Amino acid sequence: MRKGIILYQSKYGATKQYALWLQEKTGFDCQEIRHTSFHQIKDYEILILGGGIYASGIAGFNFLKKYIAHLPQQNILVFAVGASPYDPTAFDQLYQRHFKDRLEGIPCFYCRGAWHEDRMTWVDRHLCQLLKRMVAKKDPADYEPWEKALMEAMGRSCDWTDPAYLQPILNYLEEHSHEKISL
């Protein structure tokens with residue numbers, strides 16, 4: 001059995017950066033989900049899936065949902081990458097929405113990503129502009145953390161990626177290495 005693989009789906013590069021940093025720290029294999037089949041992952045001891053958060057969904061998560069029934073022996077963990085600062089309430093809502101049934105109990109971690117409007121597709125840029133107009137109608141004192149981050153980032157390029165966000169994942173792997181995982 002092979003040690004571990006990091007699968008990721010990255011639209012604008014932040015998730016890919018985290019996957020590569022994680023690969024550097026763990027020595028695990030690393031590849032994009034779109035280039036991956038079940039037969040390529042079934043013999044790994046550890047599966048780490050990373051995806052950006054878009055419209056309250058985690059990119060690449062459908063891959064995990066599709067194959068979870070065939071991965072009962074594996075140690076699986078997920079990291080989600082978003083432009084907002086970490087907010088425990090929002091993160092808990094994301095977890096409750098996605099980690100149900102067979103996915104319940106899979107650990108999920110948050111890494112802050114980046115905001116580069118110049119790299120966004122026209123559709124994404126347009127949706128963000130619409131969202132900004134809606135949020136601007138609110139009193140700034142009532143902004144949710146993601147709304148505040150949106151208003152601060154609009155019109156600028158921001159990169160909050162930091163390998164330090166991976167430390168909880170590395171700690172988790174270290175703490176569980178006495179079970180099935182061997183680092």
# chains A, B, ... in the order shown; residues from 1 in each chain; ligands from 1
>>> residues_around(residues="A:Arg102", least_positions_apart="3", cutoff="12 Å", atoms="only C-alpha atoms", output="PyMOL selection string")
chain A and resi 64-72+76+98-99+105-106
>>> residues_around(residues="A:Ser10", least_positions_apart="3", cutoff="9 Å", atoms="only C-alpha atoms", output="PyMOL selection string")
chain A and resi 13-17+32+50-52+59-60
>>> select_by_dssp(residues="chain A", states="helix (DSSP H, G or I)", output="PyMOL selection string")
chain A and resi 14-26+33-35+38-41+61-70+88-98+101-103+117-119+122-136+140-142+145-153+163-175
>>> closest_residue(among="A:Pro140, A:Gly27, A:Pro168, A:Gly57", to="A:Tyr110", atoms="only C-alpha atoms")
A:Pro168
>>> select_by_dssp(residues="chain A", states="strand (DSSP E)", output="MDAnalysis selection string")
chainID A and resid 2:9 29:32 44:54 57:58 75:82 108:112 114:116 157:159
>>> residues_around(residues="A:Tyr18", least_positions_apart="4", cutoff="8 Å", atoms="only C-alpha atoms", output="PDB file with N, CA and C atoms, in the first residue's frame")
ATOM      1  N   ALA A  14      -4.875  29.060  -5.696  1.00  0.00           N
ATOM      2  CA  ALA A  14      -4.580  28.997  -4.262  1.00  0.00           C
ATOM      3  C   ALA A  14      -4.627  27.555  -3.740  1.00  0.00           C
ATOM      4  N   LEU A  22       1.710  21.077   0.738  1.00  0.00           N
ATOM      5  CA  LEU A  22       1.428  19.865   1.511  1.00  0.00           C
ATOM      6  C   LEU A  22       2.233  18.690   0.977  1.00  0.00           C
ATOM      7  N   THR A 161      -2.590  33.306   1.004  1.00  0.00           N
ATOM      8  CA  THR A 161      -2.074  31.944   1.149  1.00  0.00           C
ATOM      9  C   THR A 161      -0.850  31.981   2.056  1.00  0.00           C
ATOM     10  N   PRO A 163       1.698  28.876   4.157  1.00  0.00           N
ATOM     11  CA  PRO A 163       1.883  27.469   4.544  1.00  0.00           C
ATOM     12  C   PRO A 163       1.501  27.196   5.999  1.00  0.00           C
ATOM     13  N   LEU A 166      -1.489  25.091   6.860  1.00  0.00           N
ATOM     14  CA  LEU A 166      -1.412  23.632   6.744  1.00  0.00           C
ATOM     15  C   LEU A 166      -1.020  22.951   8.057  1.00  0.00           C
TER      16      LEU A 166
END
>>> residues_around(residues="A:Ile33", least_positions_apart="2", cutoff="6 Å", atoms="only C-alpha atoms", output="PyMOL selection string")
chain A and resi 7-9+35-36
>>> write_last_selection(atoms="N, CA and C atoms", output="PDB file, in the first residue's frame")
ATOM      1  N   LEU A   7      -5.243  15.116  -3.635  1.00  0.00           N
ATOM      2  CA  LEU A   7      -6.009  15.445  -4.830  1.00  0.00           C
ATOM      3  C   LEU A   7      -6.560  16.847  -4.643  1.00  0.00           C
ATOM      4  N   TYR A   8      -6.524  17.635  -5.700  1.00  0.00           N
ATOM      5  CA  TYR A   8      -7.021  18.996  -5.557  1.00  0.00           C
ATOM      6  C   TYR A   8      -7.742  19.458  -6.806  1.00  0.00           C
ATOM      7  N   GLN A   9      -8.635  20.405  -6.588  1.00  0.00           N
ATOM      8  CA  GLN A   9      -9.289  21.107  -7.689  1.00  0.00           C
ATOM      9  C   GLN A   9      -9.116  22.585  -7.405  1.00  0.00           C
ATOM     10  N   HIS A  35      -7.635  14.738 -13.394  1.00  0.00           N
ATOM     11  CA  HIS A  35      -6.749  13.764 -14.035  1.00  0.00           C
ATOM     12  C   HIS A  35      -6.692  12.452 -13.243  1.00  0.00           C
ATOM     13  N   THR A  36      -7.696  12.213 -12.406  1.00  0.00           N
ATOM     14  CA  THR A  36      -7.647  11.092 -11.472  1.00  0.00           C
ATOM     15  C   THR A  36      -8.842  10.171 -11.642  1.00  0.00           C
TER      16      THR A  36
END
>>> closest_residue(among="A:Leu47, A:Leu150, A:Leu103, A:Ala164", to="A:Pro85", atoms="only C-alpha atoms")
A:Leu150
>>> closest_residue(among="A:Glu147, A:Thr121, A:Pro107, A:Phe61", to="A:Arg133", atoms="only C-alpha atoms")
A:Glu147
>>> closest_residue(among="A:Tyr44, A:Asn171, A:Ile53, A:Asp162", to="A:Ala90", atoms="only C-alpha atoms")
A:Ile53
>>> atom_distance(atom1="atom CA of A:Arg112", atom2="atom CA of A:Leu49")
15.6 Å
>>> residues_around(residues="A:Cys111", least_positions_apart="3", cutoff="8 Å", atoms="only C-alpha atoms", output="list in words")
Phe79, Ala80, Val81, Gly82, Tyr86, Thr161, Tyr165 and Leu166 of chain A
>>> residues_around(residues="A:Ser84", least_positions_apart="3", cutoff="7 Å", atoms="only C-alpha atoms", output="PyMOL selection string")
chain A and resi 112+145-146+149
